[in-house]
Structure formats: structure tokens, C-alpha cells
Amino acid sequence: MPRKNYFYTTTKSLKFMSKEITSQEENYSEWYLDIVKKAQLADNSKVKGCMVIKPYGFAIWEKMRDELDRQFKATGHQNAYFPLFIPKSFLSKEAAHVDGFAKECAVVTHHRLKVGADGKSVVVDETAKLEEELIVRPTSETIIWDTYKDWIKSYRDLPLLINQWANVVRWELRTRLFLRTTEFLWQEGHTAHATEAEAIAEARQMLDIYADFARDFMAMPVYKGTKTPNERFAGADDTYTIEALMQDGKALQAGTSHFLGQNFAKAFEVTFLNENNKNEYVWATSWGVSTRLMGALIMSHSDNEGLVLPPKLAPIQVVIIPIPKPDEAIDAKVAEISQALRKKGITVKYDNDTKTRPGFKFAEYEMRGVPVRLALGARDLQNGTIEIARRDTKEKKSVSLENIADYVENLLVEIQDNLYQKASQRLKDRTHTVNTWEEFVDVVENKGGFAYAYWDGTTETEVKIKNLTQATARCMPWDLEVAEGTKTCILTGAPATQRVLFAKAY
RNA sequence: CGGGGUUUGGCGCAGUUGGUAGCGCACCUGGUUUGGGACCAGGGGGUCGCAGGUUCGAGUCCUGUAACCCCGACCA
């Protein structure tokens, strides 16, 4: 008689019971979702495609936001706030713009609910129909330019350098936590300038800020470049982008900056009197990064044990764990260490919870990506040592308590640097200069990463390449030097002037 | 918009031919433990997504319906 198995466990339940996560190799997409959930960054909400950003996840976003905000202000921008709702008619004023966004707009049609016929439910009050329907902003160019029209009269009003932190809604068909959600948080800068050159310089400057931020804070190397016309923002003359590479070999557009030419100025009649008393249209830019950066951050550094965070964006940089549990002597020493660390501006958490044991805490903070862990027990106190573990390499060793703050400070710098070096090496290794179609296909289908290839400059060819391989033109990079090769299009063999980075992308 | 999946305690799940709901984690109480996810004993907590129907009886069968997730076509 077969023994009855009392312990039915599916793979999934076992996974959660043991608090393990799906490995990248097994299923990259599930690995990503596991990290988002188990590091407690965000949850799905009951609203399709929308997410709840949890405190730990939001703390990371706040660090990104604060640093970017600081840099925006340092370059002369001011924050303002424009409405969530945009009159429907505004969107249609710029032809390319409406084409780009019309398919994914949420529309407000009524302004009142009433109790339904059953006396319990709530229904839309049909008598409360809006005269003009409102759309929930997918981006704010239109309402902002309609406002700028009143703000800008003279060259003395320029440049106008405004940023706003806001939520926007794009009704996407397919969503993924942080990477593409129906509602997301972002900043959008909108500037007006007297000259074309100045606007272009502004757009480039902001892309530089994004790229530097990615490098210096996210430890994420990116390619800066110009989008092909086909990939341009709807309503822009030029779109600049930073493109990052995720660990699965797919590219991720991490931020964009647009030179809008005079398109919105003309659509919304935004003119200024120049020094010669002549009316001119202003030149415009817009630029933004979103909570998508969270996804980029997660997929840049994390491993099969969980989240890995660069120290500069970690809400907790150092966690101290008493071994086996807090006591007076340990508490006193920890207070001393914490104070020394805080004096250096390091964020420290002392986990003196007595309900969980050290092993549990170790695993938990690894899952959540805390860069440095200190463990202090009686043995350490006796020897004047402390155990220090780094999340990025998982190295663990015992070091002297003397100058521990200096040691940790240096280690945090080293971790930040190591993460960047590793990501840079990966980007380098997975950027392939290709000169034949066979090589191109090999990169896209087998190797993963970027294929840097000549392209004849036509949208037709770009679309063909996408249909054949799923690879899209990510950008024409600004500073990626390679051997020239034959200047013919990878697909058509037609004369080409410019190489383009192609990749499968998020 | 297609294809698949899920919906049962706070979380993750099981529930056989319909017979009055269970397991792990978490939580509460007590005790023993403690240098890598502790253990024992006791305890609290669920009108099984929603609406109908079949039946003496429905988590289970039937018919609707809703929500969310995942995989593909559009997009930051």
C-alpha cells in the first residue's frame, strides 16, 4: 500500500516557504518579479497594471528623486505643478503628438456618481456629463505649452526652465512592475528658449545629467545617443536617450530628452518679442525619467539571492546584527559604531529585534540588498573585532573594531565602484560591432546585447529588421568609437553613413 | 485584442466519488534555544471572487459574471 504523502508542495509553495527566489537562468522574468516582491519594493494592486510602491521601494525612489532634483536645481531649473487633467482638445493641437498618445489615454467623461437602482451600487450619473472630456495626462506638454503662452512675452522671460514631479497614466496593453505600469511616477522638464542652439544645448545637458546620474548613483553604465526618427518622441524634432543593458541581454531605455523644435510653440502660439521687437516662436525641450529607473536598477545588479543595491541609493547602507541577540555590552558597542558611521553620513540600522535570529536576519537583508552587514557577538567584543560582509561579492571577514567607520566608508565606495565596473564590463562584452547580417542575427538571437551595425537610414529598413529579428534601433550613440568597416547597410547593402545600436528591448 | 493561469484565514497553498474546511509561514501564550532562515506545547483567526441554479446537502457539479497575473501583437 503506497504511503500517503501528507506534504503536498508545489514548486511555488515550496519556493515561498523557503523564501527562495526563481533563478535568473530558470526564468528571468519570474526572477525579476520575485525580487520586486520579496525585497518588498512593490506589489500589484487591484487596479490592472498599477502598482503599490512599498516603503522600502519608495525609499529608493526618493533617493533617486532627491539627487536628480538637486541636479535640476543646480542647473537653474525650478519645480512647478500642472494639472492631472488635460482638456481633450489640447492633445490634438500637435499632430504627431496626438498620434503618439491617443491610443493610450484614460478619459474622464463624467463628474458625478449616484446610487444605483438597486439602492446599493454606485453608478455614473449620466446627467453629469462633462462639456469637454478630460484626459488624464500621459505627459504634460500640451497643458504646459498652453500655460507658457501666457508666461512668455519677451526675450526677457527666457529661458524658462521648469520641472515637475508627477504621476502620469498611459493605458498600456502589457505591463510589468516598475518597467511599464499604467500609472507611473516621473519628472518631466519643460523648457523654453530663444534660440535653437540653446534648446539643443539644454536637451543635451539634461541627457548628460541622466547619464551621469546613472553612472555615479545607479552604478549603471549607459549609451547616450540620438533616436532614429522612427523611435522619436511624438512631437519632437530629435530625441536623445540613455540606453542601458540588463543582465538578460535586453536593452532598456532609461531616460529621454527631447529637442522639440518649435512644434509646440507653433501649436500653442507661444511667441516672444526679441531684442529687435520682432515676434518669434520659442524653441522647446522636454525630458524625463520615471519609476522605470527602479526596474533598471534591479536588473542591473541583483543576483539569485535577491536585490543588490549600489550604496548611494540604498535606504539602509549598513545593517548591524547582534550575535546571537542584543545585550548591554553589544548595544553599547553598536551605539559607538553607529555614531561613528552616522557622523560620516552613512545610513545605519541596528536590528536588535529579539524575535528573529541572526540567520534569518542575514538572509533577509541579503534579499533586500543592504550593501554592508556587520555582525557583532561576545567573541568579537573579546577580540576587538567585528564580522563584516559585503552584499555584492558575498565576501565575509573579521576585521578590527578600530577604525571600523573608516573601513566601512571605504568599503561602501569600493562596492559602488565594483558594481559599476561589473556592469561596465558586461556592457562592453555584450556590445558587438557587426558588419554582416549573419553576425547581426547571431548577436540578436544568440549572444544577446547590442549589435552595432550600419543602417541605411530608412524607417522601412528599420521596421524590416524589427520584423525579422525583434531587434529595434535603440540609438545612434554619441561616443562609441569602433573600427569603421564597410559603410553599407547591414540588411539592404545600401550606402550608410551611421552605425546604430540595435537590441531587443524592454 | 488573442492564448494560458489564478481567485479558499494576513501571506503562500491543499482540498479525492458532493457530507458541513485543512496545511506551512506569520500572529498570541508558555517553555527550551541562539556565530547562517530554531524547536516543543497550547491558542486565535475563513459565510471558499461574485450572482444564480441542481441537490436533503455545494469550496467541490452546472450557467453566468468580475478581478488580477503570466505569455504574445502596441509603447517610457
# chains A, B, ... in the order shown; residues from 1 in each chain; ligands from 1
>>> residues_around(residues="Asp157 of chain A", least_positions_apart="2", cutoff="12 Å", atoms="only C-alpha atoms (C1' of nucleotides)", output="PyMOL selection string")
chain A and resi 148-155+159-161+191-194+270-275+282
>>> write_last_selection(atoms="C-alpha atoms", output="CSV table (one decimal), in the first residue's frame")
chain,number,residue,atom,x,y,z
A,148,TYR,CA,3.6,79.1,-21.3
A,149,LYS,CA,1.7,81.0,-23.9
A,150,ASP,CA,0.7,83.4,-21.1
A,151,TRP,CA,4.0,83.4,-19.3
A,152,ILE,CA,6.2,84.2,-22.2
A,153,LYS,CA,6.0,87.6,-23.9
A,154,SER,CA,9.6,88.8,-24.2
A,155,TYR,CA,13.1,87.5,-24.6
A,159,PRO,CA,14.9,80.8,-20.9
A,160,LEU,CA,12.0,79.3,-18.9
A,161,LEU,CA,13.3,76.3,-17.1
A,191,THR,CA,11.9,74.4,-21.1
A,192,ALA,CA,11.5,77.3,-23.5
A,193,HIS,CA,14.4,79.1,-25.2
A,194,ALA,CA,15.1,82.0,-27.5
A,270,VAL,CA,4.0,80.7,-27.9
A,271,THR,CA,5.9,83.7,-29.2
A,272,PHE,CA,8.2,86.3,-27.7
A,273,LEU,CA,9.4,89.7,-28.8
A,274,ASN,CA,13.2,89.6,-29.4
A,275,GLU,CA,15.6,92.5,-28.8
A,282,VAL,CA,10.2,79.9,-28.9
>>> select_by_dssp(residues="segment 60-304 of chain A", states="strand (DSSP E)", output="PyMOL selection string")
chain A and resi 78-79+85-87+107-110+113-115+122-124+129-136+160-169+183-193+223-226+238-245+251-261+271-273+279-281+283-290
>>> closest_residue(among="A:Leu84, A:Ala375, A:Ala405, A:Met246", to="Ser302 of chain A", atoms="only C-alpha atoms")
A:Met246
>>> interface_residues(of="chain B", to="chain A", cutoff="9 Å", atoms="only C-alpha atoms (C1' of nucleotides)", output="PyMOL selection string")
chain B and resi 12-14+23-25+34-38+67-69+74-76
>>> atom_distance(atom1="atom CA of Phe502 of chain A", atom2="atom CA of Val482 of chain A")
15.1 Å
